[in-house]
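Written out below as structure tokens is the structure these notes cover.
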Amino acid sequence: MTNVQVAEVFDLVADILEFQGANPFRVRAYRNAARTVRDLSEPVAAIAADSERKLTDIEGIGDDLAEKIATLVETGKLPMLEKLQGEVPESVLALMRIEGVGPKKAAALHKELGVATLDELRKACQAGKVRELKGFGEKTEQAILHGIDAAKSIEVRILWADADAIAQPLCNYLRQCKAVKRLELAGSYRRARETIGDLDVLVVSPHADEVMDHLARLDDVQEVIARGGTKMSVKLQGGLQVDLRVVEAQAFGAALQYFTGSKEHNVVLRGMAKDRGLKINEYGVFRVRGKKEEYLAGAEEKDIYATLDLPLFPPELREARREFQWADEGDLPKLIELDDIRGDLHMHTNQTDGKATLKEMVEAARKCGLRYIAITDHSRRVSMARGLDPKRLRAQWRAIDRLRDELDDGMIVLKGIECDILEKGGMDLPDDVLAEADWVLASVHYGQKQPREQITERILQAIENPHVSAIAHPTGRLINRRPAYEVDLEAVFAAAKKHGKLLELNANPLRLDLNDVHCAAAKSHGIPIVINTDAHSTDQLGVMRYGVLQARRGGLTKKDVANTRTWAAMKTLLKGG
DNA sequence: GCCGTTTTCGGCCCGACTGTTTTCAGTCG
């Protein structure tokens with residue numbers, strides 16, 4: 001059983017327990033465990049199988065959960081979950097996914113009205129039965145009716161890049177309001193998560209009403225969901241929710257810290273504050289003496305952390321994974337920045353499915369400040385993209401040779417290929433051709449539904465091929481569209497380490513694989529990551545920044561990313577230097 | 001259910017908003 005599967009079991013247990021009204025802290029223990037296991041950089045199955053190690057050494061895993069994990073990885077089942085599933089039909093859990101309906105209301109609906117599905121709930125609302133329940137009313141009934149359709153459509157988190165395209169104009173618009181003195185985006189956008197559920201906008205203003213009125217007047221606002229004295233939520237035309245929060249200047253840092261999250265990071269932080277007799281909320285850090293509270297800090301984010309002798313964590317690290325441990329050890333990594341990138345080793349031209357010519361790509365790369373690039377068009381297996389056979393590939397390389405003679409500023413153009421790993425195993429181009437390349441990416445494009453063992457074996461073979469430099473987009477996922485193929489990444493990491501190969505972090509905002517957790521795992525194995533754009537047009541060279549953000553979330557430094565080096569240093573690295 | 005410890009059980013982050021109440025519970029982030 002994979003970590004993700006174990007995590008899903010624990011999440012489901014938490015859902016059911018919550019519905020049953022179990023101790024909220026017990027529910028939280030399961031949710032924490034789900035998250036911890038999901039974020040773990042190695043399989044829990046490996047830890048469970050290792051007699052030298054204990055599952056209980058994992059933070060948040062005690063004797064009970066360790067036992068359950070062991071059962072899960074051994075048998076693939078959890079008796080406790082099966083028992084719970086017998087008590088609560090799965091369709092009932094869907095009730096809790098309605099906005100405004102939590103475990104208490106869902107339980108009341110189920111118990112009092114016998115409602116077990118969303119359709120039954122709709123009928124109950126239409127019959128006016130819901131409003132008669134204690135704690136419910138007419139408005140709640142309407143809100144539920146309104147929320148049922150939304151609950152039925154799967155929650156869609158939009159790509160960070162798409163959120164960015166909405167967020168920037170929105171901020172510009174809000175800044176036009178004279179009452180806005182300071183403005184910052186917080187939330188998962190600021191933490192640069194690969195997808196964003198909503199936008200959190202934080203504003204300093206002496207006139208909250210003016211700011212809220214200003215936002216309400218925006219054409220793109222479809223609906224005002226809620227509005228109070230300091231807080232307002234609106235839904236934009238595309239469905240994205242924006243939460244606006246107005247605070248005073250002396251609370252700005254505290255609010256920014258608070259609304260940037262993550263929730264888990266904040267829980268740890270507040271716990272630490274409490275241990276010191278302090279209290280942290282969105283208004284500041286306070287010293288608590290009996291009933292009196294003394295304001296210590298709050299205007300700037302760094303002051304919040306400083307009161308706990310903590311460094312200003314980069315937002316990308318605030319996930320309560322390793323950051324507090326790093327801080328404790330004085331070993332917080334200095335994260336990679338976009339300017340550190342020197343080369344881009346994955347891009348296409350119009351010889352296959354790219355839009356631009358070789359020359360145009362080189363020119364665009366130069367404008368991006370890159371010092372070296374690899375042209376890596378598809379190999380022949382990718383017929384849809386008119387993939388290159390040896391003859392056309394060598395012709396492209398001759399064109400690169402001619403272009404090199406024209407380049408006078410030290411820009412290096414490498415002869416590369418994105419060579420397919422065939423369904424039956426083996427590379428799409430013969431070794432003698434690959435041997436002539438400066439840089440070979442190996443990719444899985446076909447046979448993505450094969451069983452785990454088969455796909456893993458194909459990739460391991462590619463890693464063992466002496467001409468292969470790196471594995472491109474190693475999991476093949478397309479965010480919100482296609483799941484990752486089944487692959488034993490631990491085995492891939494081990495092989496890459498053994499054979500001195502690199503792994504790609506594909507910067508395309510739809511791919512972004514390896515993901516943050518995988519990047520952290522690769523780093524712990526000592527495997528260099530190469531961040532590439534996979535550009536199919538000159539514009540797409542700009543996606544590099546998304547890849548860098550993902551790398552930062554994985555805790556990668558300049559040193560951990562291979563293409564921050566010169567090409568000469570990269571070559572040494574590839575030779576196992 | 002975990003954790004820490006004062007080793008056996010109490011505490012576990014904190015506040016805004018809504019709708020239902022008439023002082024607060026539920027939900028959300």
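Starting from 1 in every chain, residues are counted up; chains themselves are A, B, ... following the order of the structure tokens, and ligands are numbered from 1 as listed.
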For this session: Using only C-alpha atoms (C1' of nucleotides), determine which residues of chain B fall within 8 Å of chain A; present them as an MDAnalysis selection string.
Result: chainID B and resid 1:2 12:17 19:20 26:27
For this session: Find the residues near region 74-91 of chain A: any atom within 9 Å, counting only C-alpha atoms (C1' of nucleotides), skip ones fewer than 6 places away on the same chain, and give them as a list in words.
Result: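 What passes the distance filter is Met1, Val6, Val9, Phe10, Leu12, Val13, Ile16, Leu17, Phe19, Gln20, Ala45, Lys68, Ala116, Thr117 and Leu118 of chain A.
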Written selection (N, CA and C atoms) as a PDB file, in the first residue's frame:
ATOM      1  N   MET A   1       0.834  -1.202   0.000  1.00  0.00           N
ATOM      2  CA  MET A   1       0.000   0.000   0.000  1.00  0.00           C
ATOM      3  C   MET A   1       0.874   1.260   0.000  1.00  0.00           C
ATOM      4  N   VAL A   6      -2.656   4.932   2.194  1.00  0.00           N
ATOM      5  CA  VAL A   6      -2.778   4.935   3.655  1.00  0.00           C
ATOM      6  C   VAL A   6      -3.416   6.241   4.117  1.00  0.00           C
ATOM      7  N   VAL A   9      -7.144   6.327   3.557  1.00  0.00           N
ATOM      8  CA  VAL A   9      -7.867   5.547   4.575  1.00  0.00           C
ATOM      9  C   VAL A   9      -8.053   6.385   5.838  1.00  0.00           C
ATOM     10  N   PHE A  10      -6.980   7.026   6.294  1.00  0.00           N
ATOM     11  CA  PHE A  10      -7.067   7.815   7.525  1.00  0.00           C
ATOM     12  C   PHE A  10      -8.009   9.012   7.352  1.00  0.00           C
ATOM     13  N   LEU A  12     -10.593   9.107   5.425  1.00  0.00           N
ATOM     14  CA  LEU A  12     -11.960   8.580   5.422  1.00  0.00           C
ATOM     15  C   LEU A  12     -12.404   8.250   6.849  1.00  0.00           C
ATOM     16  N   VAL A  13     -11.501   7.665   7.610  1.00  0.00           N
ATOM     17  CA  VAL A  13     -11.806   7.390   9.018  1.00  0.00           C
ATOM     18  C   VAL A  13     -12.162   8.694   9.734  1.00  0.00           C
ATOM     19  N   ILE A  16     -15.673   9.927   8.838  1.00  0.00           N
ATOM     20  CA  ILE A  16     -16.755   9.181   9.485  1.00  0.00           C
ATOM     21  C   ILE A  16     -16.820   9.497  10.979  1.00  0.00           C
ATOM     22  N   LEU A  17     -15.653   9.531  11.615  1.00  0.00           N
ATOM     23  CA  LEU A  17     -15.634   9.840  13.055  1.00  0.00           C
ATOM     24  C   LEU A  17     -16.211  11.225  13.310  1.00  0.00           C
ATOM     25  N   PHE A  19     -18.387  12.800  11.522  1.00  0.00           N
ATOM     26  CA  PHE A  19     -19.830  12.709  11.347  1.00  0.00           C
ATOM     27  C   PHE A  19     -20.487  12.129  12.593  1.00  0.00           C
ATOM     28  N   GLN A  20     -19.809  11.161  13.181  1.00  0.00           N
ATOM     29  CA  GLN A  20     -20.373  10.503  14.365  1.00  0.00           C
ATOM     30  C   GLN A  20     -20.231  11.337  15.640  1.00  0.00           C
ATOM     31  N   ALA A  45       5.515   1.769   4.207  1.00  0.00           N
ATOM     32  CA  ALA A  45       5.677   0.317   4.115  1.00  0.00           C
ATOM     33  C   ALA A  45       7.127  -0.091   4.362  1.00  0.00           C
ATOM     34  N   LYS A  68      -2.126   0.459  13.153  1.00  0.00           N
ATOM     35  CA  LYS A  68      -3.054   0.519  12.014  1.00  0.00           C
ATOM     36  C   LYS A  68      -2.290   0.613  10.691  1.00  0.00           C
ATOM     37  N   ALA A 116     -30.168  10.485   3.469  1.00  0.00           N
ATOM     38  CA  ALA A 116     -28.915   9.735   3.302  1.00  0.00           C
ATOM     39  C   ALA A 116     -28.162  10.106   2.031  1.00  0.00           C
ATOM     40  N   THR A 117     -28.799  10.870   1.157  1.00  0.00           N
ATOM     41  CA  THR A 117     -28.112  11.270  -0.080  1.00  0.00           C
ATOM     42  C   THR A 117     -28.404  12.742  -0.365  1.00  0.00           C
ATOM     43  N   LEU A 118     -27.638  13.302  -1.285  1.00  0.00           N
ATOM     44  CA  LEU A 118     -27.852  14.698  -1.649  1.00  0.00           C
ATOM     45  C   LEU A 118     -29.237  14.894  -2.279  1.00  0.00           C
TER      46      LEU A 118
END
Problem set entry | Separation of CA of Gly21 (chain A) from CA of Leu133 (chain A), in Å and rounded to one decimal |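 Those two atoms sit 18.2 Å apart.
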For this session: Point out the residue among A:Thr352, A:Ile69, A:Arg31, A:Ser383 with the least atom-to-atom distance to Ala46 (chain A), counting only C-alpha atoms.
Result: A:Ile69
Problem set entry | d(CA of Ser262 (chain A), CA of Glu319 (chain A)) in Å |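 Rounded to one decimal, the two atoms are 5.5 Å apart.
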According to DSSP computed on the backbone, where in region 3-235 of chain A is there strand (DSSP E)? Give the residues as a tab-separated table (two decimals) with N, CA, C and O atoms, in the first residue's frame.
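This went into part-v2.tsv:
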chain	number	residue	atom	x	y	z
A	158	ILE	N	-7.79	25.74	-8.73
A	158	ILE	CA	-7.20	26.15	-10.00
A	158	ILE	C	-5.67	26.19	-9.90
A	158	ILE	O	-5.11	26.29	-8.81
A	159	LEU	N	-5.01	26.09	-11.04
A	159	LEU	CA	-3.55	26.10	-11.08
A	159	LEU	C	-3.03	27.42	-10.52
A	159	LEU	O	-3.64	28.47	-10.74
A	182	ARG	N	-2.09	49.46	2.34
A	182	ARG	CA	-1.11	48.40	2.16
A	182	ARG	C	-1.89	47.17	1.72
A	182	ARG	O	-3.03	46.98	2.17
A	183	LEU	N	-1.30	46.35	0.86
A	183	LEU	CA	-2.05	45.20	0.36
A	183	LEU	C	-1.09	44.04	0.10
A	183	LEU	O	0.01	44.22	-0.41
A	184	GLU	N	-1.52	42.88	0.48
A	184	GLU	CA	-0.69	41.68	0.23
A	184	GLU	C	-1.61	40.49	0.02
A	184	GLU	O	-2.67	40.39	0.62
A	185	LEU	N	-1.18	39.58	-0.86
A	185	LEU	CA	-1.90	38.32	-1.02
A	185	LEU	C	-1.34	37.31	-0.04
A	185	LEU	O	-0.13	37.23	0.14
A	195	THR	N	-1.84	24.23	-6.68
A	195	THR	CA	-3.21	24.65	-6.97
A	195	THR	C	-3.71	25.53	-5.83
A	195	THR	O	-3.24	25.44	-4.70
A	196	ILE	N	-4.72	26.36	-6.17
A	196	ILE	CA	-5.23	27.35	-5.24
A	196	ILE	C	-6.74	27.19	-5.12
A	196	ILE	O	-7.43	27.09	-6.13
A	198	ASP	N	-8.79	29.35	-3.08
A	198	ASP	CA	-9.35	30.70	-3.10
A	198	ASP	C	-8.22	31.70	-2.89
A	198	ASP	O	-7.10	31.32	-2.58
A	199	LEU	N	-8.53	32.96	-3.07
A	199	LEU	CA	-7.52	34.01	-2.90
A	199	LEU	C	-7.77	34.74	-1.59
A	199	LEU	O	-8.91	35.14	-1.31
A	200	ASP	N	-6.73	34.92	-0.80
A	200	ASP	CA	-6.82	35.69	0.44
A	200	ASP	C	-6.12	37.01	0.25
A	200	ASP	O	-4.91	37.04	0.00
A	201	VAL	N	-6.89	38.09	0.35
A	201	VAL	CA	-6.32	39.42	0.16
A	201	VAL	C	-6.35	40.16	1.50
A	201	VAL	O	-7.38	40.23	2.15
A	202	LEU	N	-5.20	40.68	1.86
A	202	LEU	CA	-5.06	41.35	3.14
A	202	LEU	C	-4.79	42.83	2.89
A	202	LEU	O	-3.92	43.17	2.08
A	203	VAL	N	-5.54	43.69	3.57
A	203	VAL	CA	-5.43	45.12	3.31
A	203	VAL	C	-5.33	45.88	4.63
A	203	VAL	O	-6.00	45.53	5.59
A	204	VAL	N	-4.46	46.90	4.65
A	204	VAL	CA	-4.47	47.84	5.76
A	204	VAL	C	-5.25	49.06	5.32
A	204	VAL	O	-4.97	49.62	4.26
A	221	VAL	N	-17.00	40.54	-10.04
A	221	VAL	CA	-17.64	39.95	-8.86
A	221	VAL	C	-19.05	39.48	-9.20
A	221	VAL	O	-19.90	40.25	-9.63
A	222	GLN	N	-19.28	38.18	-8.98
A	222	GLN	CA	-20.57	37.60	-9.33
A	222	GLN	C	-21.53	37.66	-8.15
A	222	GLN	O	-22.71	37.86	-8.30
A	223	GLU	N	-20.96	37.51	-6.95
A	223	GLU	CA	-21.82	37.36	-5.78
A	223	GLU	C	-21.03	37.72	-4.53
A	223	GLU	O	-19.86	37.35	-4.39
A	224	VAL	N	-21.67	38.46	-3.64
A	224	VAL	CA	-21.06	38.71	-2.33
A	224	VAL	C	-21.56	37.62	-1.38
A	224	VAL	O	-22.76	37.54	-1.10
A	225	ILE	N	-20.66	36.79	-0.93
A	225	ILE	CA	-21.06	35.65	-0.11
A	225	ILE	C	-21.27	36.05	1.34
A	225	ILE	O	-22.20	35.61	2.00
A	226	ALA	N	-20.39	36.91	1.84
A	226	ALA	CA	-20.49	37.34	3.23
A	226	ALA	C	-19.80	38.69	3.38
A	226	ALA	O	-18.86	39.00	2.65
A	227	ARG	N	-20.29	39.46	4.32
A	227	ARG	CA	-19.65	40.75	4.57
A	227	ARG	C	-19.89	41.19	6.00
A	227	ARG	O	-21.03	41.30	6.45
A	231	LYS	N	-14.28	41.71	7.33
A	231	LYS	CA	-14.09	40.55	6.48
A	231	LYS	C	-15.18	40.47	5.42
A	231	LYS	O	-16.35	40.72	5.71
A	232	MET	N	-14.76	40.12	4.21
A	232	MET	CA	-15.73	40.03	3.12
A	232	MET	C	-15.31	38.89	2.20
A	232	MET	O	-14.13	38.70	1.94
A	233	SER	N	-16.28	38.12	1.74
A	233	SER	CA	-16.01	37.06	0.79
A	233	SER	C	-16.85	37.27	-0.46
A	233	SER	O	-18.06	37.49	-0.35
A	234	VAL	N	-16.23	37.19	-1.61
A	234	VAL	CA	-16.98	37.31	-2.86
A	234	VAL	C	-16.63	36.16	-3.78
A	234	VAL	O	-15.58	35.51	-3.62
A	235	LYS	N	-17.52	35.90	-4.71
A	235	LYS	CA	-17.25	34.89	-5.73
A	235	LYS	C	-17.08	35.60	-7.06
A	235	LYS	O	-17.92	36.42	-7.44
Using only C-alpha atoms, what table do you get, as a Markdown table, when you list each residue of region 463-546 of chain A with an atom no more than 8 Å from region 363-372 of chain A, its nearest pair of atoms, and their distance in Å rounded to one decimal, rows by chain then rising number?
| residue | atom | partner | partner_atom | distance |
| --- | --- | --- | --- | --- |
| A:Thr538 | CA | A:Ala364 | CA | 5.8 |
| A:Leu541 | CA | A:Ala365 | CA | 7.0 |
| A:Gly542 | CA | A:Cys368 | CA | 7.8 |
For this session: Go ahead and compute the interatomic distance for CA of Thr533 (chain A) and CA of Ala192 (chain A), in Å to one decimal.
Result: 17.4 Å
For this session: Write out as a VMD selection string the residues lying within 12 Å of Pro483 (chain A), counting only C-alpha atoms (C1' of nucleotides) and excluding same-chain residues fewer than 6 positions away.
Result: chain A and resid 448 to 449 475 to 477 510 to 511 513
Problem set entry | Residue among A:Tyr173, A:Tyr258, A:Trp439, A:Trp160 lying closest to His214 (chain A), counting only C-alpha atoms |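 Closest candidate: A:Tyr173.
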Excluding region 421-430 of chain A and any residue of its chain fewer than 5 positions from it, enumerate the residues within 8 Å of it, using only C-alpha atoms (C1' of nucleotides), and give them as a PDB file with N, CA and C atoms, in the first residue's frame.
ATOM      1  N   SER A 379      11.023  12.066 -29.977  1.00  0.00           N
ATOM      2  CA  SER A 379      11.527  10.982 -30.832  1.00  0.00           C
ATOM      3  C   SER A 379      10.353  10.384 -31.615  1.00  0.00           C
ATOM      4  N   ARG A 380      10.675   9.495 -32.549  1.00  0.00           N
ATOM      5  CA  ARG A 380       9.714   9.060 -33.571  1.00  0.00           C
ATOM      6  C   ARG A 380       8.443   8.414 -33.037  1.00  0.00           C
ATOM      7  N   ARG A 381       8.533   7.770 -31.837  1.00  0.00           N
ATOM      8  CA  ARG A 381       7.352   7.118 -31.285  1.00  0.00           C
ATOM      9  C   ARG A 381       6.180   8.095 -31.130  1.00  0.00           C
ATOM     10  N   ASP A 389      13.029  10.759 -36.333  1.00  0.00           N
ATOM     11  CA  ASP A 389      13.787   9.518 -36.504  1.00  0.00           C
ATOM     12  C   ASP A 389      15.263   9.904 -36.564  1.00  0.00           C
ATOM     13  N   PRO A 390      16.155   8.937 -36.593  1.00  0.00           N
ATOM     14  CA  PRO A 390      17.584   9.275 -36.567  1.00  0.00           C
ATOM     15  C   PRO A 390      17.993  10.254 -37.671  1.00  0.00           C
ATOM     16  N   ALA A 442      14.817  11.079 -21.070  1.00  0.00           N
ATOM     17  CA  ALA A 442      14.006   9.889 -21.327  1.00  0.00           C
ATOM     18  C   ALA A 442      12.627  10.126 -20.719  1.00  0.00           C
ATOM     19  N   SER A 443      11.578   9.827 -21.505  1.00  0.00           N
ATOM     20  CA  SER A 443      10.214  10.122 -21.054  1.00  0.00           C
ATOM     21  C   SER A 443       9.271   8.976 -21.318  1.00  0.00           C
ATOM     22  N   VAL A 444       8.324   8.830 -20.422  1.00  0.00           N
ATOM     23  CA  VAL A 444       7.199   7.916 -20.643  1.00  0.00           C
ATOM     24  C   VAL A 444       6.030   8.747 -21.163  1.00  0.00           C
ATOM     25  N   HIS A 445       5.596   8.468 -22.388  1.00  0.00           N
ATOM     26  CA  HIS A 445       4.391   9.123 -22.901  1.00  0.00           C
ATOM     27  C   HIS A 445       3.280   8.113 -23.167  1.00  0.00           C
ATOM     28  N   TYR A 446       3.685   6.880 -23.459  1.00  0.00           N
ATOM     29  CA  TYR A 446       2.703   5.861 -23.828  1.00  0.00           C
ATOM     30  C   TYR A 446       2.739   4.715 -22.814  1.00  0.00           C
ATOM     31  N   GLY A 447       1.634   4.002 -22.757  1.00  0.00           N
ATOM     32  CA  GLY A 447       1.565   2.888 -21.814  1.00  0.00           C
ATOM     33  C   GLY A 447       1.506   3.367 -20.378  1.00  0.00           C
ATOM     34  N   GLU A 457       9.917  -0.662 -14.177  1.00  0.00           N
ATOM     35  CA  GLU A 457      10.998  -1.373 -14.848  1.00  0.00           C
ATOM     36  C   GLU A 457      11.462  -0.624 -16.107  1.00  0.00           C
ATOM     37  N   ARG A 458      10.510  -0.094 -16.857  1.00  0.00           N
ATOM     38  CA  ARG A 458      10.863   0.682 -18.053  1.00  0.00           C
ATOM     39  C   ARG A 458      11.748   1.869 -17.679  1.00  0.00           C
ATOM     40  N   ILE A 459      11.371   2.568 -16.630  1.00  0.00           N
ATOM     41  CA  ILE A 459      12.135   3.760 -16.238  1.00  0.00           C
ATOM     42  C   ILE A 459      13.513   3.362 -15.701  1.00  0.00           C
ATOM     43  N   GLN A 461      15.251   0.800 -16.554  1.00  0.00           N
ATOM     44  CA  GLN A 461      16.071   0.471 -17.733  1.00  0.00           C
ATOM     45  C   GLN A 461      16.637   1.729 -18.380  1.00  0.00           C
ATOM     46  N   ALA A 462      15.786   2.727 -18.508  1.00  0.00           N
ATOM     47  CA  ALA A 462      16.232   3.982 -19.120  1.00  0.00           C
ATOM     48  C   ALA A 462      17.349   4.610 -18.295  1.00  0.00           C
TER      49      ALA A 462
END
For this session: Considering only C-alpha atoms, state which residue in the set A:Cys177, A:Asp213, A:Glu301, A:Leu236 is at the smallest distance from Ala255 (chain A).
Result: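 Answer, going by the shortest atom-to-atom distance: A:Glu301.
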